[in-house]
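Everything below belongs to model_37.csv, which stores CSV, C-alpha atoms.
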```csv
chain,number,residue,atom,x,y,z
S,162,MET,CA,135.6,71.0,93.8
S,163,ASN,CA,132.2,70.8,95.7
S,164,ARG,CA,132.0,73.0,98.8
S,165,ARG,CA,130.7,71.4,101.9
S,166,ARG,CA,127.3,72.7,102.8
S,167,VAL,CA,127.3,75.0,105.8
S,168,GLY,CA,125.3,73.7,108.7
S,169,ILE,CA,123.9,75.2,111.9
S,170,LYS,CA,126.9,73.7,113.9
S,171,ASP,CA,129.3,75.8,111.8
S,172,VAL,CA,127.4,79.0,112.6
S,173,ALA,CA,127.4,78.0,116.3
S,174,ALA,CA,131.1,77.5,116.3
S,175,GLU,CA,131.7,80.7,114.4
S,176,ALA,CA,129.6,82.7,116.8
S,177,GLY,CA,130.8,80.9,119.9
S,178,VAL,CA,127.3,79.9,121.1
S,179,SER,CA,125.2,76.7,121.3
S,180,VAL,CA,123.4,75.2,118.4
S,181,THR,CA,120.1,75.8,120.3
S,182,THR,CA,120.9,79.5,120.6
S,183,VAL,CA,121.5,79.8,116.9
S,184,SER,CA,118.3,78.0,116.0
S,185,HIS,CA,116.2,80.1,118.4
S,186,ILE,CA,117.8,83.4,117.1
S,187,LEU,CA,117.5,82.7,113.4
S,188,ASN,CA,113.9,81.4,113.9
S,189,ASP,CA,112.9,84.4,116.0
S,190,VAL,CA,111.7,82.3,118.9
S,191,ASP,CA,109.7,84.6,121.2
S,192,PHE,CA,110.8,83.2,124.6
S,193,LEU,CA,114.6,83.4,123.9
S,194,ARG,CA,116.6,85.3,126.4
S,195,ALA,CA,119.7,86.6,124.5
S,196,SER,CA,121.4,90.0,124.4
S,197,ASP,CA,121.3,92.2,121.4
S,198,GLU,CA,125.1,91.6,121.0
S,199,THR,CA,124.6,87.8,120.9
S,200,ARG,CA,121.8,88.1,118.4
S,201,GLU,CA,123.9,90.3,116.1
S,202,ARG,CA,126.9,88.0,116.4
S,203,VAL,CA,124.9,85.0,115.4
S,204,LYS,CA,123.2,86.8,112.5
S,205,ASP,CA,126.6,88.1,111.3
S,206,ALA,CA,128.1,84.6,111.5
S,207,ALA,CA,125.2,83.1,109.5
S,208,LYS,CA,125.5,85.8,106.9
S,209,ARG,CA,129.3,85.4,106.5
S,210,LEU,CA,129.0,81.7,106.1
S,211,GLY,CA,126.0,81.9,103.8
S,212,TYR,CA,123.7,79.9,106.1
S,213,GLY,CA,120.0,80.0,105.9
S,214,PRO,CA,117.6,78.1,108.3
S,215,ASN,CA,115.7,75.1,106.9
S,216,ARG,CA,112.4,76.7,106.0
S,217,MET,CA,110.6,73.4,105.7
S,218,ALA,CA,111.5,72.4,109.2
S,219,ARG,CA,110.6,75.9,110.4
S,220,GLY,CA,107.2,75.6,108.7
S,221,LEU,CA,106.5,72.2,110.3
S,222,ARG,CA,107.3,73.7,113.8
S,223,MET,CA,104.9,76.6,113.1
S,224,GLN,CA,102.3,74.4,111.4
S,225,ARG,CA,102.6,76.3,108.2
S,226,SER,CA,103.5,75.2,104.7
S,227,GLU,CA,104.9,78.7,103.8
S,228,MET,CA,103.0,78.4,100.5
S,229,ILE,CA,100.4,81.0,99.3
S,230,GLY,CA,97.8,80.1,96.7
S,231,LEU,CA,97.0,82.5,93.8
S,232,LEU,CA,93.6,81.6,92.4
S,233,SER,CA,93.5,83.5,89.1
S,234,GLU,CA,90.1,83.7,87.5
S,235,GLU,CA,91.0,83.5,83.8
S,236,ILE,CA,93.6,86.3,84.2
S,237,ALA,CA,96.4,84.0,83.0
S,238,THR,CA,94.9,84.6,79.5
S,239,THR,CA,95.0,88.4,79.8
S,240,PRO,CA,97.8,90.9,79.2
S,241,HIS,CA,97.5,92.0,82.8
S,242,ALA,CA,98.1,88.6,84.5
S,243,GLY,CA,101.8,88.7,84.5
S,244,ARG,CA,101.9,92.0,86.4
S,245,ILE,CA,99.6,90.8,89.1
S,246,ILE,CA,101.6,87.6,89.5
S,247,LEU,CA,104.9,89.4,89.4
S,248,GLY,CA,103.9,91.8,92.1
S,249,ALA,CA,102.6,89.0,94.4
S,250,GLN,CA,105.6,86.8,93.6
S,251,ASN,CA,108.2,89.5,94.4
S,252,ALA,CA,106.4,90.3,97.7
S,253,ALA,CA,106.2,86.5,98.5
S,254,ARG,CA,109.9,86.2,97.9
S,255,ARG,CA,110.7,88.9,100.4
S,256,HIS,CA,108.8,86.9,103.0
S,257,GLY,CA,110.4,83.6,102.0
S,258,LEU,CA,107.0,82.3,100.7
S,259,THR,CA,106.2,80.2,97.7
S,260,LEU,CA,103.4,81.1,95.3
S,261,VAL,CA,101.2,78.3,94.0
S,262,ILE,CA,99.1,79.4,91.0
S,263,ILE,CA,95.9,77.8,89.7
S,264,ASN,CA,94.1,79.4,86.7
S,265,THR,CA,90.3,78.8,86.9
S,266,GLU,CA,87.2,79.6,84.9
S,267,ARG,CA,84.5,81.5,86.7
S,268,ASP,CA,82.3,78.4,87.2
S,269,ASP,CA,85.1,76.4,88.7
S,270,VAL,CA,86.3,78.9,91.4
S,271,ALA,CA,84.9,76.9,94.3
S,272,ALA,CA,86.3,73.6,93.2
S,273,ASN,CA,89.8,75.1,92.5
S,274,ALA,CA,89.7,76.9,95.9
S,275,THR,CA,89.2,73.5,97.5
S,276,ALA,CA,92.1,72.1,95.5
S,277,LEU,CA,94.4,74.9,96.8
S,278,ILE,CA,93.3,74.4,100.4
S,279,ARG,CA,94.0,70.7,100.0
S,280,GLN,CA,97.6,71.7,99.1
S,281,GLN,CA,97.7,73.1,102.6
S,282,VAL,CA,98.5,76.7,101.5
S,283,ASP,CA,98.6,79.2,104.3
S,284,GLY,CA,96.4,81.8,102.5
S,285,VAL,CA,94.8,82.6,99.2
S,286,LEU,CA,94.9,85.5,96.8
S,287,TYR,CA,91.8,85.5,94.6
S,288,ALA,CA,92.4,87.5,91.4
S,289,THR,CA,89.5,88.2,89.1
S,290,MET,CA,89.5,88.8,85.4
S,291,PHE,CA,88.2,92.4,85.6
S,292,HIS,CA,87.0,94.8,88.3
S,293,ARG,CA,83.6,94.0,89.6
S,294,GLU,CA,81.7,93.2,92.8
S,295,ILE,CA,81.9,89.5,93.7
S,296,THR,CA,80.8,87.0,96.2
S,297,PRO,CA,83.8,84.8,96.9
S,298,PRO,CA,83.1,81.0,97.3
S,299,THR,CA,82.4,80.0,100.9
S,300,GLU,CA,85.2,77.6,100.7
S,301,LEU,CA,87.6,80.5,101.3
S,302,ASP,CA,85.9,81.6,104.5
S,303,GLY,CA,88.1,79.4,106.7
S,304,ILE,CA,91.4,80.6,105.3
S,305,PRO,CA,93.1,84.0,105.1
S,306,THR,CA,92.1,85.4,101.7
S,307,VAL,CA,92.6,88.7,99.9
S,308,VAL,CA,90.6,89.6,96.7
S,309,ILE,CA,92.5,91.3,93.8
S,310,ASP,CA,90.9,93.6,91.2
S,311,SER,CA,87.4,93.3,92.7
S,312,THR,CA,85.5,94.0,95.9
S,313,ASP,CA,83.9,91.5,98.2
S,314,ARG,CA,80.2,92.4,98.5
S,315,THR,CA,79.9,90.2,101.6
S,316,GLY,CA,82.6,92.2,103.4
S,317,THR,CA,84.3,88.9,104.5
S,318,HIS,CA,87.7,89.4,102.9
S,319,PRO,CA,90.0,92.4,102.3
S,320,ALA,CA,90.2,93.5,98.7
S,321,VAL,CA,92.2,95.7,96.4
S,322,ALA,CA,91.1,97.3,93.2
S,323,PRO,CA,91.9,100.2,90.9
S,324,ASP,CA,90.8,103.7,91.6
S,325,GLU,CA,88.7,104.0,88.4
S,326,ARG,CA,87.3,107.4,89.2
S,327,GLY,CA,90.7,108.8,90.0
S,328,GLY,CA,92.1,107.3,86.8
S,329,ALA,CA,89.4,109.0,84.8
S,330,ARG,CA,90.1,112.3,86.5
S,331,ALA,CA,93.8,111.9,85.6
S,332,ALA,CA,92.9,111.3,81.9
S,333,MET,CA,90.5,114.3,81.9
S,334,GLN,CA,93.0,116.6,83.6
S,335,GLU,CA,95.5,115.8,80.9
S,336,LEU,CA,93.1,116.9,78.3
S,337,LEU,CA,91.9,120.0,80.2
S,338,THR,CA,95.5,121.0,80.9
S,339,HIS,CA,96.1,121.0,77.1
S,340,GLY,CA,93.1,123.4,76.7
S,341,HIS,CA,90.3,121.0,75.6
S,342,ARG,CA,86.8,122.0,76.7
S,343,ARG,CA,84.6,119.9,74.4
S,344,ILE,CA,85.6,116.4,75.3
S,345,GLY,CA,83.7,113.3,74.2
S,346,PHE,CA,83.6,110.1,76.4
S,347,MET,CA,83.4,106.7,74.8
S,348,ASN,CA,82.0,104.5,77.6
S,349,ASN,CA,81.4,100.8,78.0
S,350,VAL,CA,77.9,99.3,77.9
S,351,ASP,CA,78.5,96.7,80.6
S,352,ASP,CA,77.2,97.6,84.1
S,353,VAL,CA,80.5,97.1,86.0
S,354,PRO,CA,82.3,99.4,88.5
S,355,ALA,CA,84.7,100.7,85.9
S,356,THR,CA,81.9,101.8,83.6
S,357,ARG,CA,80.2,103.7,86.4
S,358,GLU,CA,83.3,105.1,88.1
S,359,ARG,CA,85.0,106.3,84.9
S,360,LEU,CA,81.8,108.1,83.8
S,361,ALA,CA,81.6,109.7,87.3
S,362,GLY,CA,85.2,110.8,87.0
S,363,TYR,CA,84.6,112.3,83.5
S,364,ARG,CA,81.6,114.3,84.8
S,365,GLU,CA,83.3,115.5,88.0
S,366,SER,CA,86.3,116.7,86.0
S,367,LEU,CA,84.1,118.8,83.7
S,368,GLN,CA,82.1,120.2,86.6
S,369,GLN,CA,85.2,121.1,88.6
S,370,ALA,CA,86.6,122.9,85.5
S,371,GLY,CA,83.3,124.9,85.3
S,372,ILE,CA,82.2,123.2,82.1
S,373,THR,CA,78.6,122.1,81.7
S,374,VAL,CA,78.3,118.3,81.0
S,375,ASP,CA,76.9,117.8,77.5
S,376,GLU,CA,75.3,114.3,77.5
S,377,THR,CA,75.4,114.2,73.7
S,378,LEU,CA,79.2,113.9,74.1
S,379,VAL,CA,78.8,110.6,76.0
S,380,HIS,CA,78.4,107.5,73.8
S,381,ALA,CA,78.3,103.9,75.1
S,382,ALA,CA,79.4,100.9,73.0
S,383,PRO,CA,80.9,97.5,73.5
S,384,SER,CA,84.4,97.9,74.9
S,385,GLU,CA,86.3,96.5,71.9
S,386,SER,CA,87.8,98.0,68.8
S,387,PRO,CA,84.6,97.9,66.8
S,388,GLY,CA,82.7,99.5,69.6
S,389,GLY,CA,85.3,102.3,69.8
S,390,TYR,CA,85.0,102.8,66.0
S,391,GLU,CA,81.2,103.1,66.3
S,392,ALA,CA,81.4,105.5,69.2
S,393,ALA,CA,84.1,107.7,67.6
S,394,ARG,CA,82.2,107.9,64.3
S,395,ALA,CA,79.1,109.0,66.2
S,396,LEU,CA,80.9,111.7,68.3
S,397,LEU,CA,83.2,113.0,65.6
S,398,GLY,CA,80.2,113.2,63.2
S,399,LEU,CA,78.4,115.7,65.4
S,400,PRO,CA,78.0,119.2,63.9
S,401,ASP,CA,80.0,120.7,66.8
S,402,ARG,CA,82.4,117.7,67.2
S,403,PRO,CA,84.6,117.3,70.3
S,404,THR,CA,88.2,118.3,70.1
S,405,ALA,CA,89.2,115.3,72.2
S,406,LEU,CA,88.0,111.8,73.0
S,407,PHE,CA,88.4,110.0,76.3
S,408,CYS,CA,88.1,106.3,75.6
S,409,TYR,CA,86.9,103.7,78.2
S,410,ASN,CA,89.9,101.5,77.3
S,411,ASP,CA,92.8,101.2,74.8
S,412,ARG,CA,90.9,98.7,72.6
S,413,MET,CA,88.1,101.4,72.1
S,414,ALA,CA,90.9,103.9,71.4
S,415,MET,CA,92.2,101.7,68.6
S,416,GLY,CA,88.8,101.8,67.0
S,417,ALA,CA,88.7,105.6,67.4
S,418,TYR,CA,92.0,105.9,65.6
S,419,ARG,CA,90.5,104.0,62.6
S,420,ALA,CA,87.4,106.2,62.7
S,421,ALA,CA,89.5,109.4,62.8
S,422,ALA,CA,91.6,108.3,59.8
S,423,GLU,CA,88.5,107.5,57.7
S,424,MET,CA,87.1,110.9,58.5
S,425,GLY,CA,90.4,112.6,57.4
S,426,LEU,CA,91.2,113.8,61.0
S,427,ARG,CA,94.8,113.8,62.2
S,428,ILE,CA,95.8,112.7,65.7
S,429,PRO,CA,96.6,114.8,67.7
S,430,GLN,CA,96.5,117.9,65.4
S,431,ASP,CA,92.7,117.6,64.7
S,432,VAL,CA,91.6,115.4,67.6
S,433,SER,CA,93.3,114.3,70.8
S,434,ILE,CA,92.7,110.8,72.1
S,435,VAL,CA,93.4,109.3,75.6
S,436,GLY,CA,92.8,105.7,76.6
S,437,PHE,CA,92.6,103.6,79.7
S,438,ASP,CA,94.4,100.4,80.8
S,439,ASN,CA,97.8,100.9,79.3
S,440,GLN,CA,97.8,97.7,77.3
S,441,GLU,CA,101.3,98.4,75.9
S,442,ILE,CA,101.0,96.2,72.8
S,443,ILE,CA,98.2,98.5,71.8
S,444,ALA,CA,99.2,101.9,73.2
S,445,GLU,CA,102.8,101.7,71.9
S,446,GLY,CA,101.8,100.1,68.6
S,447,LEU,CA,99.4,102.8,67.6
S,448,PHE,CA,100.7,105.8,65.6
S,449,PRO,CA,101.0,108.2,67.2
S,450,ALA,CA,101.6,106.3,70.4
S,451,LEU,CA,98.6,106.5,72.7
S,452,THR,CA,98.5,108.5,76.0
S,453,THR,CA,96.6,106.4,78.4
S,454,VAL,CA,96.0,105.5,82.1
S,455,ALA,CA,97.7,102.6,83.7
S,456,LEU,CA,96.0,100.0,85.8
S,457,PRO,CA,98.0,99.2,89.0
S,458,HIS,CA,98.3,95.4,88.4
S,459,TYR,CA,101.7,95.0,89.8
S,460,GLU,CA,100.9,97.1,92.8
S,461,MET,CA,97.7,95.2,93.5
S,462,GLY,CA,99.5,91.9,93.5
S,463,GLU,CA,102.1,93.2,95.8
S,464,TRP,CA,99.6,94.9,98.1
S,465,ALA,CA,97.5,91.8,98.4
S,466,LEU,CA,100.4,89.6,99.3
S,467,GLU,CA,101.6,92.0,102.0
S,468,ARG,CA,98.0,92.2,103.3
S,469,LEU,CA,97.8,88.5,103.5
S,470,VAL,CA,101.0,88.3,105.5
S,471,GLN,CA,99.4,90.8,107.9
S,472,LEU,CA,96.3,88.6,108.3
S,473,GLN,CA,98.5,85.7,109.1
S,474,GLY,CA,100.3,87.6,111.8
S,475,GLY,CA,103.5,87.6,109.9
S,476,SER,CA,104.1,91.3,110.1
S,477,PRO,CA,104.5,93.6,113.1
S,478,ALA,CA,101.3,94.2,115.1
S,479,ASP,CA,98.6,96.0,113.0
S,480,ASP,CA,95.6,97.4,114.6
S,481,HIS,CA,93.6,97.0,111.4
S,482,THR,CA,94.2,93.4,110.5
S,483,ALA,CA,90.5,92.7,110.7
S,484,ASP,CA,89.6,95.6,108.4
S,485,THR,CA,87.9,94.4,105.2
S,486,GLU,CA,87.2,97.7,103.7
S,487,PRO,CA,88.4,97.6,100.0
S,488,VAL,CA,91.5,99.6,99.1
S,489,PHE,CA,91.7,101.5,95.8
S,490,LEU,CA,95.1,102.1,94.3
S,491,PRO,CA,96.0,105.1,92.0
S,492,CYS,CA,95.8,104.8,88.2
S,493,PRO,CA,98.6,107.1,86.9
S,494,ILE,CA,98.6,108.8,83.4
S,495,VAL,CA,101.2,107.4,80.9
S,496,ARG,CA,102.0,110.2,78.5
S,497,ARG,CA,102.8,109.5,74.9
S,498,GLU,CA,102.0,111.4,71.7
S,499,SER,CA,98.2,111.4,71.1
S,500,ILE,CA,97.3,114.7,72.9
S,501,ALA,CA,97.9,118.2,71.7
S,502,THR,CA,96.3,121.6,72.2
S,503,PRO,CA,92.9,121.8,70.3
S,504,PRO,CA,92.8,123.3,66.8
S,505,ARG,CA,91.7,126.9,66.5
```
For the structure just supplied, provide its representation as structure tokens.
Amino acid sequence: MNRRRVGIKDVAAEAGVSVTTVSHILNDVDFLRASDETRERVKDAAKRLGYGPNRMARGLRMQRSEMIGLLSEEIATTPHAGRIILGAQNAARRHGLTLVIINTERDDVAANATALIRQQVDGVLYATMFHREITPPTELDGIPTVVIDSTDRTGTHPAVAPDERGGARAAMQELLTHGHRRIGFMNNVDDVPATRERLAGYRESLQQAGITVDETLVHAAPSESPGGYEAARALLGLPDRPTALFCYNDRMAMGAYRAAAEMGLRIPQDVSIVGFDNQEIIAEGLFPALTTVALPHYEMGEWALERLVQLQGGSPADDHTADTEPVFLPCPIVRRESIATPPR
């Protein structure tokens, strides 16, 4: 048997107040004069009866659609996209918001930003394919926007990105703690923030450990498996080869595994390897499983949505809602089986 849908009149009758009072309390109307006891009584009645306010009607009154646009620059084709979307979606759900997603190629960002705005979204999350410095399209200047996985060089919008240098230090600390002192770094050739910051973290970690940086142990190559193979062959072929390799990403680590196997070196008994990105299909699929550094994709999506709500005034007063300085989230180590103490 179908149950009759609970309406606002039922809540008013249950709480012993007027329909107007129920509407004002459940919609947090600022000018309402009602005691705390009345407010609690109405909210308890609504909860007992399973009543929720009509969000569409509330949105019309507040001139909001209660929809947030996620403009994803090709991330829907990457392993990381789901985590960014999930983090943003879960945060949106907590605020009663709906996420509208458009996947775009880099050349079509402006046109797709316009398409989202035409859907009357209340704000936009702009997620890039990888960490870099960007100039967001001017179409986003007139709407609350937060950039994910990049920084806004114009300083117009708040942004959230990984702490690449901190992640590199976490990887290096894991190797140093195991006793490694001669550590090779397989870096990327592309001039992007991750390339520069991970190298800086590598060098800083050695210097803080009192170890002289040996530039012959740094080898740059394309950040794919063949590039990792090339870099690992070069480093492991040195007369005084490193006892550990820190790889720019997990794809390069995959190439390093192949190089080590061809050279008759066992992982981790003869050479330890640590990656970056925590692409689980790679890290868990390698044998032994790869110790790596995780990028905070879920956390970035969640943080960005919460920041967007602040920009809209949907959170308690925040003295820093106009602050557009980028925020960098931690990249934690994910321990598996590819690191051991160095051979004697």
Neighbour list for S:Gly371 as a list in words, cut-off 12 Å, all atoms listed in the file, skip fewer than 5 positions in-chain: Leu337, Arg342, Arg364, Glu365 and Ser366 of chain S
What does the file look like for those residues with C-alpha atoms, as a compact mmCIF listing (two decimals), in the frame of the given file?
```
# COMPACT_ATOMS: atom_id res chain seq x y z
CA LEU S 337 91.90 120.00 80.20
CA ARG S 342 86.80 122.00 76.70
CA ARG S 364 81.60 114.30 84.80
CA GLU S 365 83.30 115.50 88.00
CA SER S 366 86.30 116.70 86.00
```
Calculated over only C-alpha atoms, which of the candidates S:Arg427, S:Arg419, S:Arg468, S:His339 has the smallest distance to S:Glu391? S:Arg419
Pull the neighbourhood of (94.1, 102.8, 93.5) for me: all residues within 9 Å in file coordinates, counting all atoms listed in the file, as a PyMOL selection string. chain S and resi 321-325+327-328+456-457+460-461+488-492
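The two atoms in question, atom CA of S:Asp283 and atom CA of S:Thr182, are spaced 27.6 Å apart.
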Exercise: residues within 9 Å of coordinate (103.3, 113.0, 65.2), counting only C-alpha atoms, as number ranges by chain: S: 428-430, 448-450, 498-499
When you look at S:Asp197 with a cut-off of 12 Å (counting all atoms listed in the file), what residues show up, excluding the ones that are within fewer than 6 positions of it in the same chain? I need them as a list in words. Ile186, Val203 and Lys204 of chain S
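Going from atom CA of S:Glu335 to atom CA of S:Arg496 covers 8.9 Å.
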Which residue of S:Tyr409, S:Tyr287, S:Tyr363, S:Tyr459 approaches S:Ser386 most closely, using all atoms listed in the file: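 Between S:Tyr409, S:Tyr287, S:Tyr363, S:Tyr459, the residue approaching S:Ser386 most closely is S:Tyr409.
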Å distance separating atom CA of S:Met424 from atom CA of S:Leu336, one decimal place: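 Calculated distance between atom CA of S:Met424 and atom CA of S:Leu336 is 21.5 Å.
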Can you work out which one of S:Ala382, S:Ala249, S:Ala274, S:Ile344 has the shortest atom-to-atom distance to S:Ile434, counting all atoms listed in the file?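 Nearest to S:Ile434: S:Ile344.
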Pick from S:Ala331, S:Ala253, S:Ile295, S:Val180: nearest to S:Thr315, with all atoms listed in the file counted? S:Ile295
Can you pull out every residue within 10 Å of S:Val270, counting only C-alpha atoms, but drop anything in the same chain fewer than 6 positions away, and send it as a list of chain:residue names?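 Surrounding residues, per the criterion: S:Leu232, S:Ser233, S:Glu234, S:Ile263, S:Asn264, S:Ala276, S:Tyr287, S:Pro297, S:Pro298, S:Glu300.
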Residues near S:Leu397, anyone? I mean within 9 Å using all atoms listed in the file, not counting same-chain ones fewer than 3 positions away, as a list in words.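 The contact residues come out as Gly345, Ala392, Ala393, Arg394, Pro400, Asp401, Arg402, Pro403, Thr404, Leu406, Ala420, Ala421, Met424 and Val432 of chain S.
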Create the file for the chosen residues now, containing C-alpha atoms and written as a PDB file, in the coordinates of the input.
```
ATOM      1  CA  GLY S 345      83.700 113.300  74.200  1.00  0.00           C
ATOM      2  CA  ALA S 392      81.400 105.500  69.200  1.00  0.00           C
ATOM      3  CA  ALA S 393      84.100 107.700  67.600  1.00  0.00           C
ATOM      4  CA  ARG S 394      82.200 107.900  64.300  1.00  0.00           C
ATOM      5  CA  PRO S 400      78.000 119.200  63.900  1.00  0.00           C
ATOM      6  CA  ASP S 401      80.000 120.700  66.800  1.00  0.00           C
ATOM      7  CA  ARG S 402      82.400 117.700  67.200  1.00  0.00           C
ATOM      8  CA  PRO S 403      84.600 117.300  70.300  1.00  0.00           C
ATOM      9  CA  THR S 404      88.200 118.300  70.100  1.00  0.00           C
ATOM     10  CA  LEU S 406      88.000 111.800  73.000  1.00  0.00           C
ATOM     11  CA  ALA S 420      87.400 106.200  62.700  1.00  0.00           C
ATOM     12  CA  ALA S 421      89.500 109.400  62.800  1.00  0.00           C
ATOM     13  CA  MET S 424      87.100 110.900  58.500  1.00  0.00           C
ATOM     14  CA  VAL S 432      91.600 115.400  67.600  1.00  0.00           C
TER      15      VAL S 432
END
```
Please produce stretch 252-259 of chain S, completed to all heavy atoms, as a PDB file, keeping the file's coordinate frame.
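Below is the file part-v5.pdb, written as the result:
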```pdb
ATOM      1  N   ALA S 252     106.733  90.058  96.289  1.00  0.00           N
ATOM      2  CA  ALA S 252     106.400  90.300  97.700  1.00  0.00           C
ATOM      3  C   ALA S 252     106.556  88.953  98.477  1.00  0.00           C
ATOM      4  O   ALA S 252     107.071  88.926  99.606  1.00  0.00           O
ATOM      5  CB  ALA S 252     105.029  90.843  97.865  1.00  0.00           C
ATOM      6  N   ALA S 253     106.107  87.848  97.878  1.00  0.00           N
ATOM      7  CA  ALA S 253     106.200  86.500  98.500  1.00  0.00           C
ATOM      8  C   ALA S 253     107.678  86.183  98.764  1.00  0.00           C
ATOM      9  O   ALA S 253     108.056  85.667  99.831  1.00  0.00           O
ATOM     10  CB  ALA S 253     105.532  85.474  97.687  1.00  0.00           C
ATOM     11  N   ARG S 254     108.509  86.474  97.778  1.00  0.00           N
ATOM     12  CA  ARG S 254     109.900  86.200  97.900  1.00  0.00           C
ATOM     13  C   ARG S 254     110.566  86.911  99.066  1.00  0.00           C
ATOM     14  O   ARG S 254     111.409  86.377  99.777  1.00  0.00           O
ATOM     15  CB  ARG S 254     110.648  86.499  96.585  1.00  0.00           C
ATOM     16  CG  ARG S 254     112.104  86.029  96.537  1.00  0.00           C
ATOM     17  CD  ARG S 254     112.750  86.352  95.206  1.00  0.00           C
ATOM     18  NE  ARG S 254     112.098  85.623  94.123  1.00  0.00           N
ATOM     19  CZ  ARG S 254     111.422  86.191  93.121  1.00  0.00           C
ATOM     20  NH1 ARG S 254     111.288  87.507  93.083  1.00  0.00           N
ATOM     21  NH2 ARG S 254     110.877  85.470  92.185  1.00  0.00           N
ATOM     22  N   ARG S 255     110.151  88.161  99.269  1.00  0.00           N
ATOM     23  CA  ARG S 255     110.700  88.900 100.400  1.00  0.00           C
ATOM     24  C   ARG S 255     110.368  88.299 101.731  1.00  0.00           C
ATOM     25  O   ARG S 255     111.113  88.464 102.694  1.00  0.00           O
ATOM     26  CB  ARG S 255     110.155  90.373 100.339  1.00  0.00           C
ATOM     27  CG  ARG S 255     110.685  91.211  99.200  1.00  0.00           C
ATOM     28  CD  ARG S 255     110.445  92.696  99.436  1.00  0.00           C
ATOM     29  NE  ARG S 255     109.045  93.033  99.487  1.00  0.00           N
ATOM     30  CZ  ARG S 255     108.317  93.389  98.430  1.00  0.00           C
ATOM     31  NH1 ARG S 255     108.875  93.422  97.222  1.00  0.00           N
ATOM     32  NH2 ARG S 255     107.041  93.709  98.558  1.00  0.00           N
ATOM     33  N   HIS S 256     109.242  87.587 101.780  1.00  0.00           N
ATOM     34  CA  HIS S 256     108.800  86.900 103.000  1.00  0.00           C
ATOM     35  C   HIS S 256     109.215  85.465 103.068  1.00  0.00           C
ATOM     36  O   HIS S 256     108.812  84.752 103.990  1.00  0.00           O
ATOM     37  CB  HIS S 256     107.324  87.091 103.217  1.00  0.00           C
ATOM     38  CG  HIS S 256     106.886  88.499 103.497  1.00  0.00           C
ATOM     39  ND1 HIS S 256     107.007  89.082 104.744  1.00  0.00           N
ATOM     40  CD2 HIS S 256     106.354  89.448 102.691  1.00  0.00           C
ATOM     41  CE1 HIS S 256     106.541  90.321 104.688  1.00  0.00           C
ATOM     42  NE2 HIS S 256     106.145  90.573 103.453  1.00  0.00           N
ATOM     43  N   GLY S 257     109.960  85.000 102.067  1.00  0.00           N
ATOM     44  CA  GLY S 257     110.400  83.600 102.000  1.00  0.00           C
ATOM     45  C   GLY S 257     109.221  82.655 101.764  1.00  0.00           C
ATOM     46  O   GLY S 257     109.243  81.499 102.192  1.00  0.00           O
ATOM     47  N   LEU S 258     108.212  83.118 101.037  1.00  0.00           N
ATOM     48  CA  LEU S 258     107.000  82.300 100.700  1.00  0.00           C
ATOM     49  C   LEU S 258     107.046  81.857  99.279  1.00  0.00           C
ATOM     50  O   LEU S 258     107.659  82.488  98.424  1.00  0.00           O
ATOM     51  CB  LEU S 258     105.758  83.118 101.014  1.00  0.00           C
ATOM     52  CG  LEU S 258     105.604  83.663 102.437  1.00  0.00           C
ATOM     53  CD1 LEU S 258     104.398  84.585 102.525  1.00  0.00           C
ATOM     54  CD2 LEU S 258     105.477  82.517 103.429  1.00  0.00           C
ATOM     55  N   THR S 259     106.340  80.786  99.005  1.00  0.00           N
ATOM     56  CA  THR S 259     106.200  80.200  97.700  1.00  0.00           C
ATOM     57  C   THR S 259     104.800  80.444  97.155  1.00  0.00           C
ATOM     58  O   THR S 259     103.831  80.202  97.890  1.00  0.00           O
ATOM     59  CB  THR S 259     106.548  78.738  97.641  1.00  0.00           C
ATOM     60  OG1 THR S 259     107.883  78.558  98.111  1.00  0.00           O
ATOM     61  CG2 THR S 259     106.423  78.159  96.238  1.00  0.00           C
TER      62      THR S 259
END
```
